[in-house]
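Quick look at target.cif (mmCIF, C-alpha atoms and all ligand atoms):
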data_data
#
loop_
_atom_site.label_atom_id
_atom_site.label_comp_id
_atom_site.auth_asym_id
_atom_site.auth_seq_id
_atom_site.Cartn_x
_atom_site.Cartn_y
_atom_site.Cartn_z
CA MET J 1 -17.84 11.46 25.01
CA GLU J 2 -16.96 8.37 26.96
CA ILE J 3 -16.88 4.85 25.57
CA LYS J 4 -19.09 2.88 27.90
CA SER J 5 -19.43 -0.25 25.84
CA ALA J 6 -17.78 -1.74 22.80
CA GLU J 7 -18.47 -4.98 21.03
CA PHE J 8 -17.46 -6.68 17.83
CA VAL J 9 -20.41 -7.04 15.47
CA THR J 10 -19.23 -8.66 12.26
CA SER J 11 -16.60 -8.98 9.51
CA MET J 12 -17.68 -8.48 5.93
CA SER J 13 -15.93 -9.25 2.66
CA VAL J 14 -18.74 -7.53 0.78
CA TYR J 15 -20.17 -4.44 2.42
CA GLN J 16 -23.78 -4.57 3.48
CA THR J 17 -25.48 -1.84 5.47
CA PRO J 18 -25.87 -3.20 8.98
CA GLU J 19 -29.26 -3.45 10.67
CA PRO J 20 -30.08 -1.23 12.43
CA ALA J 21 -28.37 1.42 10.28
CA LEU J 22 -26.71 3.45 13.02
CA PRO J 23 -24.38 6.42 12.47
CA GLN J 24 -20.87 5.34 11.51
CA ILE J 25 -17.31 6.49 11.99
CA ALA J 26 -14.78 4.80 9.71
CA VAL J 27 -11.07 4.19 10.23
CA ALA J 28 -8.97 4.16 7.04
CA GLY J 29 -5.26 3.94 6.38
CA LYS J 30 -2.54 1.74 5.03
CA SER J 31 -1.81 -1.66 6.49
CA ASN J 32 0.14 -1.45 9.75
CA VAL J 33 -0.54 2.25 10.33
CA GLY J 34 -2.33 1.45 13.59
CA LYS J 35 -6.05 1.24 12.76
CA SER J 36 -6.82 -1.73 14.99
CA SER J 37 -4.61 -0.40 17.79
CA LEU J 38 -6.45 2.93 17.69
CA ILE J 39 -9.80 1.17 17.97
CA ASN J 40 -8.55 -0.89 20.91
CA SER J 41 -7.07 2.07 22.76
CA LEU J 42 -10.14 4.19 22.08
CA CYS J 43 -12.30 1.47 23.63
CA ARG J 44 -9.69 0.67 26.28
CA ARG J 45 -9.73 -2.95 25.21
CA LYS J 46 -6.72 -5.10 24.50
CA ALA J 47 -7.96 -7.25 21.67
CA LEU J 48 -11.29 -5.98 20.44
CA ALA J 49 -9.77 -5.41 17.02
CA LYS J 50 -7.07 -7.79 15.86
CA THR J 51 -3.67 -6.13 15.67
CA SER J 52 -0.58 -7.57 14.12
CA ALA J 53 3.08 -6.90 13.62
CA THR J 54 2.86 -8.39 10.15
CA PRO J 55 0.40 -6.68 7.80
CA GLY J 56 -2.57 -8.94 7.20
CA LYS J 57 -3.76 -10.34 3.94
CA THR J 58 -7.41 -10.51 4.76
CA ARG J 59 -9.40 -7.65 3.27
CA LEU J 60 -12.39 -7.38 5.54
CA ILE J 61 -14.53 -4.59 6.84
CA ASN J 62 -14.82 -5.04 10.61
CA LEU J 63 -17.75 -3.51 12.40
CA PHE J 64 -17.89 -2.58 16.08
CA LEU J 65 -20.82 -1.29 18.09
CA LEU J 66 -19.96 1.47 20.57
CA ASN J 67 -22.19 2.74 23.36
CA SER J 68 -25.03 0.84 21.66
CA ALA J 69 -25.28 4.02 19.58
CA PHE J 70 -22.91 4.03 16.63
CA HIS J 71 -20.72 1.76 14.53
CA LEU J 72 -16.97 2.12 14.35
CA VAL J 73 -15.72 0.62 11.10
CA ASP J 74 -12.23 -0.81 10.66
CA LEU J 75 -11.67 -0.57 6.90
CA PRO J 76 -9.20 -2.88 5.13
CA GLY J 77 -5.74 -1.38 4.85
CA TYR J 78 -4.09 -0.43 1.59
CA GLY J 79 -0.53 -0.17 0.40
CA PHE J 80 0.43 -3.71 1.25
CA ALA J 81 3.31 -4.42 -1.13
CA ARG J 82 2.57 -8.02 -1.89
CA VAL J 83 -0.89 -7.71 -3.36
CA ASP J 84 -1.48 -8.20 -7.05
CA LYS J 85 -3.49 -6.00 -9.38
CA LYS J 86 -6.62 -8.07 -9.02
CA GLU J 87 -6.55 -7.73 -5.25
CA LYS J 88 -6.02 -3.98 -5.53
CA LEU J 89 -9.04 -3.66 -7.81
CA ARG J 90 -11.11 -5.71 -5.40
CA TRP J 91 -10.06 -3.38 -2.57
CA GLY J 92 -10.97 -0.34 -4.65
CA ASP J 93 -14.39 -1.75 -5.50
CA MET J 94 -14.99 -2.51 -1.85
CA MET J 95 -14.10 1.04 -0.79
CA GLU J 96 -16.21 2.63 -3.50
CA LYS J 97 -19.20 0.55 -2.54
CA TYR J 98 -18.67 1.37 1.12
CA PHE J 99 -18.39 5.13 0.67
CA ARG J 100 -21.17 5.22 -1.91
CA GLU J 101 -23.67 3.24 0.12
CA THR J 102 -23.00 4.43 3.66
CA GLU J 103 -25.38 7.31 4.13
CA GLN J 104 -24.90 7.02 7.88
CA LEU J 105 -21.19 7.83 7.64
CA LYS J 106 -20.45 10.85 9.83
CA LEU J 107 -16.66 10.94 9.80
CA THR J 108 -13.69 9.06 8.38
CA LEU J 109 -10.47 9.00 10.35
CA HIS J 110 -7.63 8.92 7.83
CA LEU J 111 -4.63 7.49 9.64
CA VAL J 112 -1.06 8.21 8.55
CA ASP J 113 2.17 7.33 10.34
CA ILE J 114 3.62 10.45 11.98
CA ARG J 115 7.15 9.30 11.18
CA HIS J 116 6.77 9.02 7.43
CA GLU J 117 5.95 11.17 4.50
CA PRO J 118 2.57 10.04 3.12
CA THR J 119 2.85 7.47 0.36
CA GLN J 120 1.26 7.71 -3.07
CA ASP J 121 -1.48 5.43 -1.72
CA ASP J 122 -2.10 7.80 1.22
CA VAL J 123 -2.42 10.74 -1.15
CA GLN J 124 -4.81 8.77 -3.35
CA MET J 125 -6.92 7.69 -0.40
CA ASN J 126 -7.14 11.30 0.75
CA ALA J 127 -8.08 12.51 -2.72
CA PHE J 128 -10.74 9.82 -2.83
CA LEU J 129 -12.19 11.00 0.50
CA ARG J 130 -12.26 14.58 -0.74
CA ALA J 131 -13.95 13.50 -3.95
CA THR J 132 -16.71 11.72 -2.02
CA GLY J 133 -17.31 14.94 -0.08
CA GLN J 134 -17.27 12.98 3.17
CA PRO J 135 -15.92 14.73 6.26
CA PHE J 136 -12.55 13.33 7.30
CA LEU J 137 -9.96 13.91 9.98
CA VAL J 138 -6.27 13.22 9.43
CA VAL J 139 -4.85 11.32 12.40
CA ALA J 140 -1.07 11.02 12.76
CA THR J 141 -0.48 7.69 14.50
CA LYS J 142 2.39 6.37 16.65
CA ALA J 143 2.96 9.85 18.08
CA ASP J 144 4.88 8.25 20.97
CA LYS J 145 7.65 7.36 18.53
CA ILE J 146 8.77 10.97 18.24
CA SER J 147 9.27 13.69 20.82
CA ARG J 148 6.63 16.35 21.28
CA GLY J 149 9.12 18.98 20.22
CA ALA J 150 9.64 17.28 16.87
CA ARG J 151 5.93 16.98 16.08
CA MET J 152 5.52 20.17 14.08
CA LYS J 153 8.50 19.31 11.94
CA GLN J 154 7.16 15.80 11.37
CA LEU J 155 3.74 17.14 10.43
CA ALA J 156 5.00 19.48 7.70
CA PRO J 157 5.36 16.87 4.91
CA ILE J 158 2.08 15.24 5.99
CA CYS J 159 0.23 18.56 5.74
CA ARG J 160 1.81 19.31 2.41
CA ALA J 161 0.91 15.95 0.90
CA LEU J 162 -2.65 15.83 2.25
CA GLN J 163 -3.36 19.55 1.90
CA VAL J 164 -4.35 20.20 5.49
CA GLN J 165 -3.13 22.64 8.12
CA PRO J 166 -1.11 21.41 11.12
CA TRP J 167 -3.94 22.22 13.54
CA GLN J 168 -6.25 19.99 11.50
CA VAL J 169 -4.08 16.95 12.18
CA LEU J 170 -4.71 15.00 15.36
CA CYS J 171 -1.62 13.35 16.84
CA TYR J 172 -2.46 10.01 18.40
CA SER J 173 -0.69 7.30 20.35
CA SER J 174 -2.27 3.95 21.08
CA GLU J 175 0.66 3.28 23.39
CA ASN J 176 0.18 6.13 25.83
CA GLY J 177 -3.27 7.46 25.00
CA ASP J 178 -2.07 10.79 23.63
CA GLY J 179 -4.82 12.42 21.57
CA ARG J 180 -7.52 10.08 22.87
CA GLU J 181 -9.59 12.80 24.53
CA GLN J 182 -9.40 15.07 21.47
CA LEU J 183 -10.37 12.22 19.20
CA LEU J 184 -13.38 11.33 21.34
CA GLU J 185 -14.38 14.99 21.26
CA ALA J 186 -14.10 15.13 17.46
CA MET J 187 -16.12 11.92 17.18
CA GLU J 188 -18.84 13.23 19.45
CA LYS J 189 -19.05 16.43 17.45
CA ALA J 190 -19.33 14.50 14.18
CA LEU J 191 -22.02 12.25 15.62
CA THR J 192 -24.12 15.10 16.96
CA ASP J 193 -23.69 17.61 14.13
CA GLN J 194 -26.87 17.91 12.12
CA GLY J 195 -26.10 17.36 8.46
CA GLU J 196 -25.43 20.40 6.24
CA GLU J 197 -24.64 23.21 8.67
CA SER J 198 -21.07 23.49 10.09
N1 LIG J 201 4.60 2.62 19.32
C1 LIG J 201 3.39 2.48 18.78
N2 LIG J 201 3.12 1.39 18.03
C2 LIG J 201 1.89 1.28 17.48
C3 LIG J 201 0.90 2.29 17.65
N3 LIG J 201 -0.20 1.91 16.96
C4 LIG J 201 0.09 0.72 16.40
N4 LIG J 201 1.34 0.33 16.70
C5 LIG J 201 2.00 -0.93 16.25
O1 LIG J 201 1.96 -1.00 14.83
C6 LIG J 201 1.69 -2.32 14.39
C7 LIG J 201 0.46 -2.35 13.50
O2 LIG J 201 -0.67 -1.95 14.23
P1 LIG J 201 -2.16 -2.36 13.81
O3 LIG J 201 -3.07 -1.68 14.77
O4 LIG J 201 -2.29 -3.84 13.68
O5 LIG J 201 -2.25 -1.69 12.36
P2 LIG J 201 -3.40 -1.83 11.24
O6 LIG J 201 -2.89 -2.79 10.23
O7 LIG J 201 -3.56 -0.46 10.65
O8 LIG J 201 -4.66 -2.29 11.92
C8 LIG J 201 1.54 -3.17 15.65
O9 LIG J 201 2.77 -3.80 15.91
C9 LIG J 201 1.23 -2.16 16.73
O10 LIG J 201 1.65 -2.55 18.00
C10 LIG J 201 1.23 3.44 18.46
O11 LIG J 201 0.44 4.38 18.65
N5 LIG J 201 2.48 3.47 18.98
MG MG J 202 -5.92 -3.91 11.52
#
What is this structure when it is put down as structure tokens?
Amino acid sequence: MEIKSAEFVTSMSVYQTPEPALPQIAVAGKSNVGKSSLINSLCRRKALAKTSATPGKTRLINLFLLNSAFHLVDLPGYGFARVDKKEKLRWGDMMEKYFRETEQLKLTLHLVDIRHEPTQDDVQMNAFLRATGQPFLVVATKADKISRGARMKQLAPICRALQVQPWQVLCYSSENGDGREQLLEAMEKALTDQGEES
């Protein structure tokens, strides 16, 4: 698959199924893991999705239209240390509503930082995805920060925590485009797969 066009559609604080209800691919992960950067590098655009060096406070679902055919969804990050209980609950409600109501969801990319052992929040997010029965793909971000030779070693704790095999984890770098082709392939497959089979 090639990305021929990409445009920002809307930001939502309360999820509402967009019209038209196109197939969706969601991007989930903790704040600062590289969700917005992945969207930008995937679309080969510098500032389609807002990136930041300081984790944001705004909890919004950002929707992008790709190839006039499907929506890419930048979900609000979790694990931001300075949020209170109320904010956490609001985030949880938002995610539950999103995953419950999005029948068009074909794949969720669960991003984790390749350099770190998954946090308790990462493990919870992954368990939540499994519980919803939604297909997901673990993407190890910032792959440029470690050498290729060290990848397998880095992936071990990630695989253990998220209960996946190393070959099920896609290593990605928004800096140098590593993993971009494989990710586009996985996305295309998810978008074209017909429901139950597979
Ligand atoms: N070296 C490197 N830095 C990255 C990569 N992806 C994101 N970053 C940096 O990590 C920070 C957070 O990225 P961002 O995309 O805003 O994360 P988000 O909060 O998950 O949307 C920014 O400073 C990015 O430049 C990557 O693949 N490689
Ligand atoms: Mg972001």
Box for ligand LIG 201 (chain J) - axis-aligned, 6 Å on each of the six sides, all listed atoms - centre and size in Å to one decimal, as JSON.
{"center_x": 0.0, "center_y": 0.3, "center_z": 14.8, "size_x": 21.3, "size_y": 20.2, "size_z": 21.1}
Report as CSV the residues of chain J within 7 Å of ligand LIG 201 (chain J), each with its shortest atom pair and distance in Å (one decimal), using all atoms listed in the file, ordered by chain and increasing residue number.
residue,atom,partner,partner_atom,distance
J:Gly29,CA,J:LIG201,O7,6.4
J:Lys30,CA,J:LIG201,O7,6.1
J:Ser31,CA,J:LIG201,O6,4.1
J:Asn32,CA,J:LIG201,O6,3.3
J:Val33,CA,J:LIG201,O7,4.1
J:Gly34,CA,J:LIG201,O5,3.4
J:Lys35,CA,J:LIG201,O7,3.7
J:Ser36,CA,J:LIG201,O3,3.8
J:Ser37,CA,J:LIG201,O3,3.6
J:Leu38,CA,J:LIG201,N3,6.4
J:Lys50,CA,J:LIG201,O4,6.6
J:Thr51,CA,J:LIG201,O4,3.3
J:Ser52,CA,J:LIG201,O4,4.1
J:Ala53,CA,J:LIG201,O9,3.9
J:Pro55,CA,J:LIG201,O6,5.6
J:Gly56,CA,J:LIG201,O6,6.9
J:Gly77,CA,J:LIG201,O6,6.2
J:Thr141,CA,J:LIG201,O11,5.4
J:Lys142,CA,J:LIG201,O11,3.4
J:Ala143,CA,J:LIG201,O11,6.0
J:Asp144,CA,J:LIG201,N5,5.7
J:Lys145,CA,J:LIG201,N1,5.7
J:Tyr172,CA,J:LIG201,O11,6.3
J:Ser173,CA,J:LIG201,O11,3.6
J:Ser174,CA,J:LIG201,O11,3.7
J:Glu175,CA,J:LIG201,N5,4.8
Those same residues, written as a compact mmCIF listing (two decimals), in the frame of the given file with C-alpha atoms?
# COMPACT_ATOMS: atom_id res chain seq x y z
CA GLY J 29 -5.26 3.94 6.38
CA LYS J 30 -2.54 1.74 5.03
CA SER J 31 -1.81 -1.66 6.49
CA ASN J 32 0.14 -1.45 9.75
CA VAL J 33 -0.54 2.25 10.33
CA GLY J 34 -2.33 1.45 13.59
CA LYS J 35 -6.05 1.24 12.76
CA SER J 36 -6.82 -1.73 14.99
CA SER J 37 -4.61 -0.40 17.79
CA LEU J 38 -6.45 2.93 17.69
CA LYS J 50 -7.07 -7.79 15.86
CA THR J 51 -3.67 -6.13 15.67
CA SER J 52 -0.58 -7.57 14.12
CA ALA J 53 3.08 -6.90 13.62
CA PRO J 55 0.40 -6.68 7.80
CA GLY J 56 -2.57 -8.94 7.20
CA GLY J 77 -5.74 -1.38 4.85
CA THR J 141 -0.48 7.69 14.50
CA LYS J 142 2.39 6.37 16.65
CA ALA J 143 2.96 9.85 18.08
CA ASP J 144 4.88 8.25 20.97
CA LYS J 145 7.65 7.36 18.53
CA TYR J 172 -2.46 10.01 18.40
CA SER J 173 -0.69 7.30 20.35
CA SER J 174 -2.27 3.95 21.08
CA GLU J 175 0.66 3.28 23.39
**OP:** For atom CA of J:Thr10 and atom CA of J:Phe70, determine how far apart the two atoms are, in Å to one decimal place.
**Re:**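 Atom CA of J:Phe70 lies 13.9 Å from atom CA of J:Thr10.
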Subject >> J:Val112, J:Leu155, J:Leu129, J:Val14 ranked by distance to J:Arg90, top pick (using all atoms listed in the file) >> reply: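 Answer, going by the shortest atom-to-atom distance: J:Val14.
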**OP:** Compute the distance from (-24.1, -2.9, 4.8) to each atom, counting only C-alpha atoms, keep the residues with any atom at most 10 Å away, and return them as a list in words; use the coordinates of the file.
**Re:**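 Output of the proximity query reads Met12, Val14, Tyr15, Gln16, Thr17, Pro18, Glu19, Pro20, Ala21, Ile61, Leu63, Lys97, Tyr98, Glu101 and Thr102 of chain J.
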Subject >> Expected answer as an MDAnalysis selection string: all residues with atoms within 12 Å of (-7.7, 12.3, 23.1), all atoms listed in the file >> reply: chainID J and resid 1:2 38 41:43 139 170:174 176:188
Subject >> Separation of atom CA of J:Lys4 from atom CA of J:Asn62, in Å and rounded to one decimal >> reply: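 Straight-line distance from atom CA of J:Lys4 to atom CA of J:Asn62 works out to 19.5 Å.
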